[in-house]
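See structure below.
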Amino acid sequence: MIKLIALDLDGTTLNKDGKLSEGNRMALQKVADKGVAIVIATGRPFCALPQEITDFAPVRYVLTSNGARIFDLKEGKSFYENCLEPHSVEAAVRLLEPTKYVLETFVEGIAYIEGWYYRQIEETGKSFRAVDYILNTRKPQDNFYQFMLDNKNGIENINVNFEDISEKPEMKLKLEALPDVTITSSFDHNLEIGGATTSKAEALRKMCKLLDIDPSEMMAAGDSPNDMAMLEAAGLAIAVGNAKPEVKAIADYIAPDHDKDGVADAIYKYVL
């Protein structure tokens, strides 16, 4: 009996255009009508959530920044946070300051990006990432490392972005040596630094307690490494067809890909 469905957004619930398809929308509405809780669990900060998700009536709770914060959309506020420790932020700054990578950080639901890079994208319209997404969801911030230090008590996440992904494995080893952090990734070009116990799985355990639901009664769906902890914590783990091989390897069921309503397929198969 599935009582809670936890859903990653990008590459899972949203299609390649970043939209909620009509097929997925209808399936989610049907399970909500049956009393099943729908919880979004995303690596995005709150400011980057699509309006069609925040306005979608069946969705009340949203786990953002890989579980660093939980928002109650009905109440219009967050009620849980699991941020990096200040000493972890300080260590990350010392490690990253000599590098050339493009950095972002999430603070109280807002995503900040290095000012020089934001302005470069504005001027050229070019990036190894989605240009419109960056310009519409990120706030430029100069003196970036000092900004992180000034906000070290409330940093949800630090993103390190690689134009050349061949440099990612070596940096991953260095980041994993930082004190009291978790390192994960939501797409090929980034690594994400979270707190020692920050994960979608940990935040979902809080949600299950809040809603009096056993984790065995939870279905989770995802596609990327930052989804693996929640898939392992769920009673039923779903990987969409476009998921990374390591995600598929731990799934109970591999649904069609995110452009073929994979979430809806799993819902009809296991819940409806």
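By order in the structure tokens, chains are A, B, ...; within a chain, residues start at 1; ligands start at 1, following the order shown.
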
Self-check item: Residue contacts of region 58-72 of chain A (6 Å, only C-alpha atoms) excluding same-chain residues fewer than 2 positions away, as a VMD selection string
Solution: chain A and resid 32 38 to 45 56 74 to 78 80 to 83 156 198 to 200 203

Quiz prompt | Shell around Glu85 (chain A) at 9 Å using only C-alpha atoms, local window under 5 positions removed, as a PyMOL selection string | solution = chain A and resi 90+152-155+180-181+195-196

Self-check item: Atom pair CA of Leu236 (chain A) / CA of Asn190 (chain A): separation (Å)
Solution: 27.5 Å

Quiz item: If we count only C-alpha atoms, what is near Gln29 (chain A) at a cut-off of 12 Å, once residues fewer than 3 positions away on the same chain are taken out, given as an NGL selection string?
Solution: :A and (22-26 or 32-38 or 56-59 or 264 or 267-268 or 272)

Kindly save the residues from that selection, with C-alpha atoms included, as a short mmCIF file (atom, residue, chain, number, x, y, z; two decimals), in the first residue's frame.
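Once written, again24.cif looks like this:
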```
data_model
loop_
_atom_site.label_atom_id
_atom_site.label_comp_id
_atom_site.auth_asym_id
_atom_site.auth_seq_id
_atom_site.Cartn_x
_atom_site.Cartn_y
_atom_site.Cartn_z
CA GLU A 22 -0.44 16.12 -19.14
CA GLY A 23 0.01 12.38 -18.63
CA ASN A 24 2.02 12.82 -15.44
CA ARG A 25 -0.34 15.56 -14.24
CA MET A 26 -3.40 13.36 -14.64
CA ALA A 32 -3.96 12.58 -4.80
CA ASP A 33 -7.72 12.04 -5.07
CA LYS A 34 -7.17 8.62 -3.47
CA GLY A 35 -5.42 10.27 -0.51
CA VAL A 36 -1.82 9.50 -1.46
CA ALA A 37 0.63 12.23 -0.42
CA ILE A 38 2.81 13.67 -3.19
CA PHE A 56 -0.34 22.25 -8.51
CA ALA A 57 -2.93 21.62 -5.80
CA PRO A 58 -1.92 18.01 -4.94
CA VAL A 59 1.61 19.14 -3.98
CA ALA A 264 2.65 8.08 -14.70
CA ILE A 267 1.85 5.22 -10.69
CA TYR A 268 -0.63 3.25 -12.78
CA LEU A 272 -3.66 2.87 -9.23
#
```

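Comparing A:Met207, A:Val263, A:Ser186, A:Glu97 by their smallest distance to Ala220 (chain A), the closest is A:Val263 (using only C-alpha atoms).
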
Quiz prompt | Selection: 7 Å around region 246-262 of chain A, only C-alpha atoms, excl. self and same-chain fewer than 3 positions, as a list in words | solution = Gly11, Thr12, Thr13, Leu14, Asn15, Lys16, Gly23, Asn24, Asp223, Ser224, Pro225, Met228, Leu236, Ala237, Ile238, Ala239, Val240, Gly241, Asn242, Ala243, Asp265 and Ala266 of chain A

Quiz item: Pick from A:Cys47, A:Val160, A:Ala234, A:Val89: nearest to Ile5 (chain A), with only C-alpha atoms counted?
Solution: A:Ala234

Self-check item: Nearest to Lys168 (chain A) by atom-to-atom distance, counting only C-alpha atoms, from A:Tyr101, A:Glu202, A:Ala229, A:Asn151
Solution: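 Counting only C-alpha atoms, the residue closest to Lys168 (chain A) is A:Tyr101.
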
Self-check item: Polymer residues at most 7 Å from Ile113 (chain A), only C-alpha atoms, same-chain spacing of 2 or more positions, as JSON, numbers by chain
Solution: {"A": [103, 104, 105, 111, 115, 118, 138, 139, 140, 141]}

Can those selected residues be exported to a file as a compact mmCIF listing (two decimals), in the first residue's frame so that it contains C-alpha atoms?
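Here's the written file selection-v5.txt:
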```txt
# COMPACT_ATOMS: atom_id res chain seq x y z
CA LEU A 103 30.27 28.24 -8.19
CA GLU A 104 26.73 28.60 -6.92
CA THR A 105 25.36 28.54 -3.40
CA ALA A 111 20.31 30.56 -5.57
CA GLY A 115 28.58 37.68 -10.69
CA TYR A 118 26.18 35.71 -14.78
CA ARG A 138 20.10 32.74 -10.20
CA LYS A 139 21.09 36.00 -8.52
CA PRO A 140 24.55 37.35 -9.41
CA GLN A 141 26.85 37.86 -6.45
```

Quiz item: Between A:Pro98, A:Met230, A:Leu7, A:Lys30, which is the closest to Ile53 (chain A) once you count only C-alpha atoms?
Solution: A:Leu7

Quiz prompt | Within 10 Å of Val131 (chain A) using only C-alpha atoms, minus same-chain residues under 4 positions, as a ChimeraX atom specification | solution = /A:118,121-122,124-127,135-136

Residues of the last selection are to be written out with N, CA, C and O atoms, as a PDB file, in the first residue's frame.
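This went into again_16.pdb:
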```
ATOM      1  N   TYR A 118      27.544  35.293 -14.421  1.00  0.00           N
ATOM      2  CA  TYR A 118      26.181  35.708 -14.776  1.00  0.00           C
ATOM      3  C   TYR A 118      26.237  36.794 -15.854  1.00  0.00           C
ATOM      4  O   TYR A 118      25.506  36.738 -16.846  1.00  0.00           O
ATOM      5  N   ILE A 121      27.191  35.458 -19.266  1.00  0.00           N
ATOM      6  CA  ILE A 121      26.078  34.806 -19.957  1.00  0.00           C
ATOM      7  C   ILE A 121      25.115  35.846 -20.519  1.00  0.00           C
ATOM      8  O   ILE A 121      24.611  35.712 -21.642  1.00  0.00           O
ATOM      9  N   GLU A 122      24.842  36.907 -19.747  1.00  0.00           N
ATOM     10  CA  GLU A 122      23.981  37.974 -20.242  1.00  0.00           C
ATOM     11  C   GLU A 122      24.521  38.574 -21.534  1.00  0.00           C
ATOM     12  O   GLU A 122      23.766  38.861 -22.466  1.00  0.00           O
ATOM     13  N   THR A 124      26.865  37.253 -23.706  1.00  0.00           N
ATOM     14  CA  THR A 124      27.133  36.340 -24.828  1.00  0.00           C
ATOM     15  C   THR A 124      25.968  35.418 -25.170  1.00  0.00           C
ATOM     16  O   THR A 124      25.873  34.924 -26.298  1.00  0.00           O
ATOM     17  N   GLY A 125      25.091  35.177 -24.187  1.00  0.00           N
ATOM     18  CA  GLY A 125      24.009  34.214 -24.400  1.00  0.00           C
ATOM     19  C   GLY A 125      24.507  32.788 -24.506  1.00  0.00           C
ATOM     20  O   GLY A 125      23.794  31.910 -24.997  1.00  0.00           O
ATOM     21  N   LYS A 126      25.741  32.538 -24.013  1.00  0.00           N
ATOM     22  CA  LYS A 126      26.331  31.209 -24.153  1.00  0.00           C
ATOM     23  C   LYS A 126      26.760  30.655 -22.802  1.00  0.00           C
ATOM     24  O   LYS A 126      27.257  31.386 -21.948  1.00  0.00           O
ATOM     25  N   SER A 127      26.582  29.351 -22.623  1.00  0.00           N
ATOM     26  CA  SER A 127      27.030  28.643 -21.433  1.00  0.00           C
ATOM     27  C   SER A 127      26.982  27.159 -21.718  1.00  0.00           C
ATOM     28  O   SER A 127      26.270  26.716 -22.634  1.00  0.00           O
ATOM     29  N   LEU A 135      19.712  32.496 -16.005  1.00  0.00           N
ATOM     30  CA  LEU A 135      19.341  33.914 -15.940  1.00  0.00           C
ATOM     31  C   LEU A 135      18.038  34.132 -15.173  1.00  0.00           C
ATOM     32  O   LEU A 135      17.856  35.178 -14.534  1.00  0.00           O
ATOM     33  N   ASN A 136      17.144  33.137 -15.204  1.00  0.00           N
ATOM     34  CA  ASN A 136      15.837  33.304 -14.564  1.00  0.00           C
ATOM     35  C   ASN A 136      15.791  32.829 -13.115  1.00  0.00           C
ATOM     36  O   ASN A 136      14.861  33.190 -12.381  1.00  0.00           O
TER      37      ASN A 136
END
```

Practice problem: Find, counting only C-alpha atoms, the residue in A:Leu20, A:Leu84, A:Leu73, A:Met218 that gets nearest to Ile183 (chain A). | Solution: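 Selected residue with least distance to Ile183 (chain A): A:Leu84.
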
Quiz prompt | Sel. of helix (DSSP H, G or I) residues, region 3-177 of chain A, as an NGL selection string | solution = :A and (9-13 or 22-33 or 46-48 or 51-54 or 65-67 or 86-96 or 115-124 or 131-137 or 144-150 or 165-176)

Quiz item: Rounded to one decimal in Å, what is the spacing between CA of Val31 (chain A) and CA of Lys244 (chain A)?
Solution: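 Between CA of Val31 (chain A) and CA of Lys244 (chain A) the gap is 26.9 Å.
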
Quiz item: Quick one, how far is CA of Glu114 (chain A) from CA of Phe162 (chain A)?
Solution: 13.8 Å

Self-check item: Shortest interatomic distance to Leu211 (chain A) - which of A:Leu9, A:Ala48, A:Leu4, A:Met148, counting only C-alpha atoms
Solution: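 Looking only at the distances to Leu211 (chain A), the closest residue turns out to be A:Leu4.
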